[in-house]
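Containing compact mmCIF, C-alpha atoms and all ligand atoms: model_30.txt.
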# COMPACT_ATOMS: atom_id res chain seq x y z
CA MET B 1 18.37 5.57 -22.24
CA GLU B 2 20.05 5.94 -18.88
CA ILE B 3 17.69 6.64 -16.00
CA ASN B 4 18.52 9.95 -14.29
CA GLN B 5 19.58 10.14 -10.67
CA GLU B 6 16.62 12.27 -9.52
CA LEU B 7 14.27 9.57 -10.80
CA VAL B 8 16.36 6.78 -9.27
CA ASP B 9 16.21 8.53 -5.88
CA ALA B 10 12.44 9.10 -6.11
CA ILE B 11 11.76 5.46 -7.06
CA ASN B 12 14.14 4.23 -4.37
CA ASP B 13 12.31 6.36 -1.77
CA GLN B 14 9.01 5.00 -2.98
CA LEU B 15 10.32 1.44 -2.73
CA ASN B 16 11.12 2.13 0.93
CA PHE B 17 7.75 3.81 1.43
CA GLU B 18 6.01 0.68 0.10
CA LEU B 19 7.86 -1.39 2.70
CA TYR B 20 6.80 1.13 5.35
CA SER B 21 3.21 0.79 4.10
CA GLY B 22 3.53 -2.97 4.53
CA PHE B 23 4.68 -2.47 8.12
CA ILE B 24 1.67 -0.24 8.82
CA TYR B 25 -0.75 -2.85 7.49
CA LEU B 26 0.91 -5.70 9.38
CA SER B 27 0.68 -3.60 12.55
CA MET B 28 -3.03 -3.12 11.82
CA ALA B 29 -3.36 -6.90 11.24
CA THR B 30 -2.04 -7.71 14.68
CA TRP B 31 -4.41 -5.16 16.26
CA PHE B 32 -7.31 -6.97 14.55
CA GLU B 33 -6.04 -10.34 15.78
CA GLU B 34 -5.94 -9.01 19.31
CA HIS B 35 -9.54 -7.81 18.95
CA TYR B 36 -10.89 -11.15 17.65
CA LEU B 37 -11.43 -9.78 14.15
CA SER B 38 -9.51 -12.42 12.23
CA GLY B 39 -11.19 -11.62 8.89
CA PHE B 40 -9.87 -8.06 8.92
CA ALA B 41 -6.52 -9.38 10.17
CA HIS B 42 -6.39 -11.64 7.11
CA TRP B 43 -7.33 -8.70 4.86
CA MET B 44 -4.46 -6.66 6.29
CA GLU B 45 -1.99 -9.55 5.96
CA VAL B 46 -2.82 -9.74 2.26
CA GLN B 47 -2.38 -5.97 2.05
CA TYR B 48 1.02 -6.27 3.71
CA GLN B 49 2.05 -8.85 1.10
CA GLU B 50 0.81 -6.60 -1.68
CA GLU B 51 2.92 -3.71 -0.41
CA PHE B 52 6.04 -5.86 -0.43
CA ASN B 53 5.18 -6.87 -3.98
CA HIS B 54 4.87 -3.19 -4.92
CA ALA B 55 8.32 -2.58 -3.46
CA MET B 56 9.64 -5.46 -5.58
CA ARG B 57 8.19 -3.96 -8.74
CA PHE B 58 10.14 -0.76 -8.08
CA TYR B 59 13.21 -2.81 -7.14
CA ARG B 60 13.06 -4.71 -10.43
CA HIS B 61 12.60 -1.55 -12.45
CA LEU B 62 15.67 0.07 -10.91
CA THR B 63 17.73 -3.10 -11.28
CA GLU B 64 16.70 -3.57 -14.91
CA ARG B 65 17.73 0.03 -15.61
CA GLY B 66 21.18 -0.57 -14.13
CA ALA B 67 20.59 1.48 -10.98
CA ARG B 68 21.67 0.50 -7.48
CA VAL B 69 18.89 0.09 -4.90
CA ILE B 70 19.61 1.51 -1.45
CA MET B 71 17.69 -0.10 1.40
CA LYS B 72 16.94 2.54 4.03
CA GLN B 73 15.68 2.55 7.57
CA ILE B 74 11.94 1.97 7.85
CA ASP B 75 10.04 3.94 10.49
CA ALA B 76 8.12 2.02 13.14
CA PRO B 77 4.38 2.08 12.43
CA LYS B 78 1.63 3.09 14.85
CA THR B 79 0.43 0.23 17.07
CA GLU B 80 -2.80 1.38 18.74
CA TRP B 81 -6.21 2.35 17.40
CA ASN B 82 -9.68 2.77 18.90
CA SER B 83 -11.74 0.89 16.35
CA ALA B 84 -11.84 -0.94 13.02
CA ALA B 85 -13.46 2.17 11.52
CA GLU B 86 -10.51 4.31 12.61
CA ILE B 87 -8.06 1.83 11.06
CA PHE B 88 -9.73 1.85 7.67
CA ALA B 89 -10.09 5.64 7.73
CA GLU B 90 -6.30 5.82 8.24
CA ALA B 91 -5.62 3.18 5.61
CA TYR B 92 -7.60 5.23 3.08
CA GLN B 93 -5.71 8.41 3.99
CA HIS B 94 -2.44 6.53 3.66
CA GLU B 95 -3.35 5.22 0.21
CA LYS B 96 -4.13 8.76 -0.95
CA ILE B 97 -0.61 9.77 0.10
CA VAL B 98 0.84 6.81 -1.83
CA THR B 99 -1.09 7.86 -4.93
CA GLU B 100 0.23 11.44 -4.70
CA ARG B 101 3.78 10.17 -4.34
CA ILE B 102 3.44 7.94 -7.40
CA TYR B 103 1.94 10.77 -9.44
CA LYS B 104 4.99 12.89 -8.53
CA ILE B 105 7.30 10.15 -9.82
CA GLY B 106 5.22 10.17 -13.00
CA GLU B 107 5.77 13.92 -13.37
CA LEU B 108 9.54 13.45 -12.94
CA ALA B 109 9.55 10.64 -15.52
CA GLN B 110 7.63 12.80 -17.96
CA LYS B 111 10.00 15.73 -17.42
CA ALA B 112 12.98 13.42 -18.05
CA GLY B 113 11.35 11.91 -21.16
CA ASP B 114 11.78 8.49 -19.52
CA GLN B 115 9.13 6.41 -21.26
CA SER B 116 10.27 3.16 -19.69
CA THR B 117 9.47 4.51 -16.22
CA GLN B 118 6.22 6.04 -17.47
CA SER B 119 5.18 2.66 -18.84
CA MET B 120 6.10 0.90 -15.56
CA LEU B 121 4.00 3.41 -13.62
CA ILE B 122 0.77 2.68 -15.52
CA TRP B 123 0.32 -0.51 -13.50
CA PHE B 124 0.66 1.57 -10.31
CA TYR B 125 -1.90 4.18 -11.41
CA ASN B 126 -4.47 1.40 -11.84
CA GLU B 127 -3.42 -0.29 -8.63
CA GLN B 128 -3.80 2.93 -6.64
CA THR B 129 -7.33 3.41 -7.96
CA GLU B 130 -8.10 -0.06 -6.64
CA GLU B 131 -6.31 0.46 -3.30
CA GLU B 132 -8.15 3.72 -2.64
CA LYS B 133 -11.49 2.17 -3.60
CA ASN B 134 -11.01 -0.89 -1.35
CA THR B 135 -10.01 1.09 1.75
CA MET B 136 -12.64 3.79 1.14
CA GLU B 137 -15.42 1.19 0.82
CA LEU B 138 -14.48 -0.54 4.05
CA ARG B 139 -14.12 2.81 5.82
CA ASP B 140 -17.62 3.80 4.68
CA LYS B 141 -19.22 0.46 5.52
CA LEU B 142 -17.70 0.51 9.01
CA LYS B 143 -18.97 4.06 9.47
CA MET B 144 -22.45 2.98 8.33
CA ILE B 145 -22.76 0.06 10.78
CA GLY B 146 -21.91 2.24 13.79
CA ASP B 147 -21.91 0.22 17.02
CA SER B 148 -23.58 -2.92 15.64
CA ILE B 149 -21.48 -5.93 16.72
CA ALA B 150 -23.52 -8.28 14.52
CA ALA B 151 -22.83 -6.16 11.42
CA LEU B 152 -19.15 -5.86 12.37
CA MET B 153 -18.90 -9.66 12.57
CA GLN B 154 -20.57 -9.98 9.19
CA LEU B 155 -18.11 -7.55 7.59
CA ASP B 156 -15.24 -9.37 9.30
CA ALA B 157 -16.42 -12.66 7.78
CA MET B 158 -16.54 -11.02 4.34
CA ALA B 159 -13.01 -9.62 4.74
CA ARG B 160 -11.77 -13.18 5.36
CA GLY B 161 -12.61 -13.98 1.74
CA ARG B 162 -9.97 -11.66 0.31
CA PRO B 163 -7.85 -13.69 -2.16
CA PRO B 164 -4.06 -13.92 -1.68
CA ALA B 165 -1.75 -11.29 -3.15
CA GLU B 166 -0.79 -11.83 -6.81
CA PRO B 167 2.89 -12.77 -7.20
CA VAL B 168 5.14 -10.21 -8.90
CA PRO B 169 5.79 -11.25 -12.51
CA SER B 170 9.48 -12.06 -13.04
FE1 LIG B 201 1.51 0.14 -2.50
FE2 LIG B 201 -1.05 0.47 -0.96
O1 LIG B 201 0.17 1.17 -2.11

Would you mind writing the file's structure down as structure tokens?
Amino acid sequence: MEINQELVDAINDQLNFELYSGFIYLSMATWFEEHYLSGFAHWMEVQYQEEFNHAMRFYRHLTERGARVIMKQIDAPKTEWNSAAEIFAEAYQHEKIVTERIYKIGELAQKAGDQSTQSMLIWFYNEQTEEEKNTMELRDKLKMIGDSIAALMQLDAMARGRPPAEPVPS
């Protein structure tokens, strides 16, 4: 079954949005580095790699379906924040937007009767549950610790233990 153009465009846009997400997280990583929070910087570097892997999953799906991928301009991300808590609050909000966008692609795929795309998206539905949970938990923990530097350092040390991003299966 040939993939329809509306779906190609939506997936292509999402591919670019995943790259934009990666830029946001790498920008957050460098803010953490500057503020001596290297554990959170590491966490965000892994997140950046994951976003590029997400983009590659969409890229592969379009390529396998015989569609042409169009690389588009990526907006510059924000560069300044007031605190680690603010960063994770924004990361959580951003992930909710990503989830909504992916659900919309799912609706388009369903409308088009495109089961191949629907099957590809199942991985993303699960991934988004995980992404929202991870950012929400860190947002809440950072909110809970308030101004405690000792607790912030402890959380930073925990964030350093985040394992590397899983490679995209070929
Ligand atoms: Fe690719 Fe964080 O969503």

Item to check | Selection within 6 Å of ligand LIG 201 (chain B) by only C-alpha atoms and all ligand atoms, output as a VMD selection string | outcome: chain B and resid 18 51 54 95 98 131

Item to check | Atom pair atom CA of B:Met56 / atom CA of B:Ile11: separation (Å) | outcome: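 These atoms are spaced 11.2 Å apart.
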
Next on the checklist: Under the rule that all atoms listed in the file are counted, which of B:Asn4, B:Ser148, B:Asn82, B:Thr99 is the nearest residue to B:Thr129?
Outcome noted: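 Closest residue, counting all atoms listed in the file: B:Thr99.
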
Checklist outcome for this item: From the list B:Met144, B:Ala84, B:Leu62, B:Met71, the nearest residue to B:Phe17 using all atoms listed in the file is B:Met71

Checklist entry - Which residues come within 9 Å of B:Arg162, counting all atoms listed in the file, excluding same-chain residues fewer than 6 positions away, as a PyMOL selection string? => result chain B and resi 39+42-43+46

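Comparing B:Ile24, B:Ala55, B:Ile70, B:Leu37 by their smallest distance to B:Gln154, the closest is B:Leu37 (using all atoms listed in the file).
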
Using all atoms listed in the file, list the residues that have an atom at most 10 Å from (-16.9, -8.1, 4.8), coordinates as in the file, as a CSV table (one decimal) with C-alpha atoms, keeping the file's coordinate frame.
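Ended up saving to result_7.csv:
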chain,number,residue,atom,x,y,z
B,39,GLY,CA,-11.2,-11.6,8.9
B,40,PHE,CA,-9.9,-8.1,8.9
B,43,TRP,CA,-7.3,-8.7,4.9
B,138,LEU,CA,-14.5,-0.5,4.0
B,141,LYS,CA,-19.2,0.5,5.5
B,142,LEU,CA,-17.7,0.5,9.0
B,151,ALA,CA,-22.8,-6.2,11.4
B,152,LEU,CA,-19.2,-5.9,12.4
B,153,MET,CA,-18.9,-9.7,12.6
B,154,GLN,CA,-20.6,-10.0,9.2
B,155,LEU,CA,-18.1,-7.6,7.6
B,156,ASP,CA,-15.2,-9.4,9.3
B,157,ALA,CA,-16.4,-12.7,7.8
B,158,MET,CA,-16.5,-11.0,4.3
B,159,ALA,CA,-13.0,-9.6,4.7
B,160,ARG,CA,-11.8,-13.2,5.4
B,161,GLY,CA,-12.6,-14.0,1.7
B,162,ARG,CA,-10.0,-11.7,0.3

Next on the checklist: Please determine, counting all atoms listed in the file, which residue among B:Arg57, B:Ile87, B:Asp147, B:Leu19 has the shortest atom-to-atom distance to B:Thr117.
Outcome noted: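 The shortest atom-to-atom distance to B:Thr117 comes from B:Arg57.
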
Next on the checklist: Taking only C-alpha atoms into account, name the residue in B:Ala165, B:Met28, B:Met1, B:Ala150 that is nearest to B:Ala85.
Outcome noted: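 So, comparing all the options, the nearest one is B:Met28.
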
Checklist entry - Nearest to B:Ser83: which of B:Tyr25, B:Tyr20, B:Phe124, B:Phe32 is it, counting only C-alpha atoms? => result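 Smallest separation from B:Ser83 among the options: B:Phe32.
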
Is it possible to get the axis-aligned box enclosing stretch 134-148 of chain B (all listed atoms, 6 Å extra per side) as lines of an AutoDock Vina configuration file, with centre and edge lengths in Å rounded to one decimal?
center_x = -16.8
center_y = 0.6
center_z = 7.8
size_x = 25.6
size_y = 19.0
size_z = 30.4

Checklist entry - Separation of atom CA of B:Pro167 and atom CA of B:Asn53, in Å? => result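 According to the coordinates, atom CA of B:Pro167 and atom CA of B:Asn53 are separated by 7.1 Å.
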
Item to check | Distance of atom CA of B:Gln128 from atom CA of B:Glu64, expressed in Å to one decimal place | outcome: 23.0 Å

Checklist entry - Can you tell me, as a list in words, what residues are no more than 8 Å from B:Leu7 when counting only C-alpha atoms, ignoring any on the same chain fewer than 2 positions away? => result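 Contacts, in chain order: Ile3, Asn4, Gln5, Asp9, Ala10, Ile11, Ile105, Leu108 and Ala109 of chain B.
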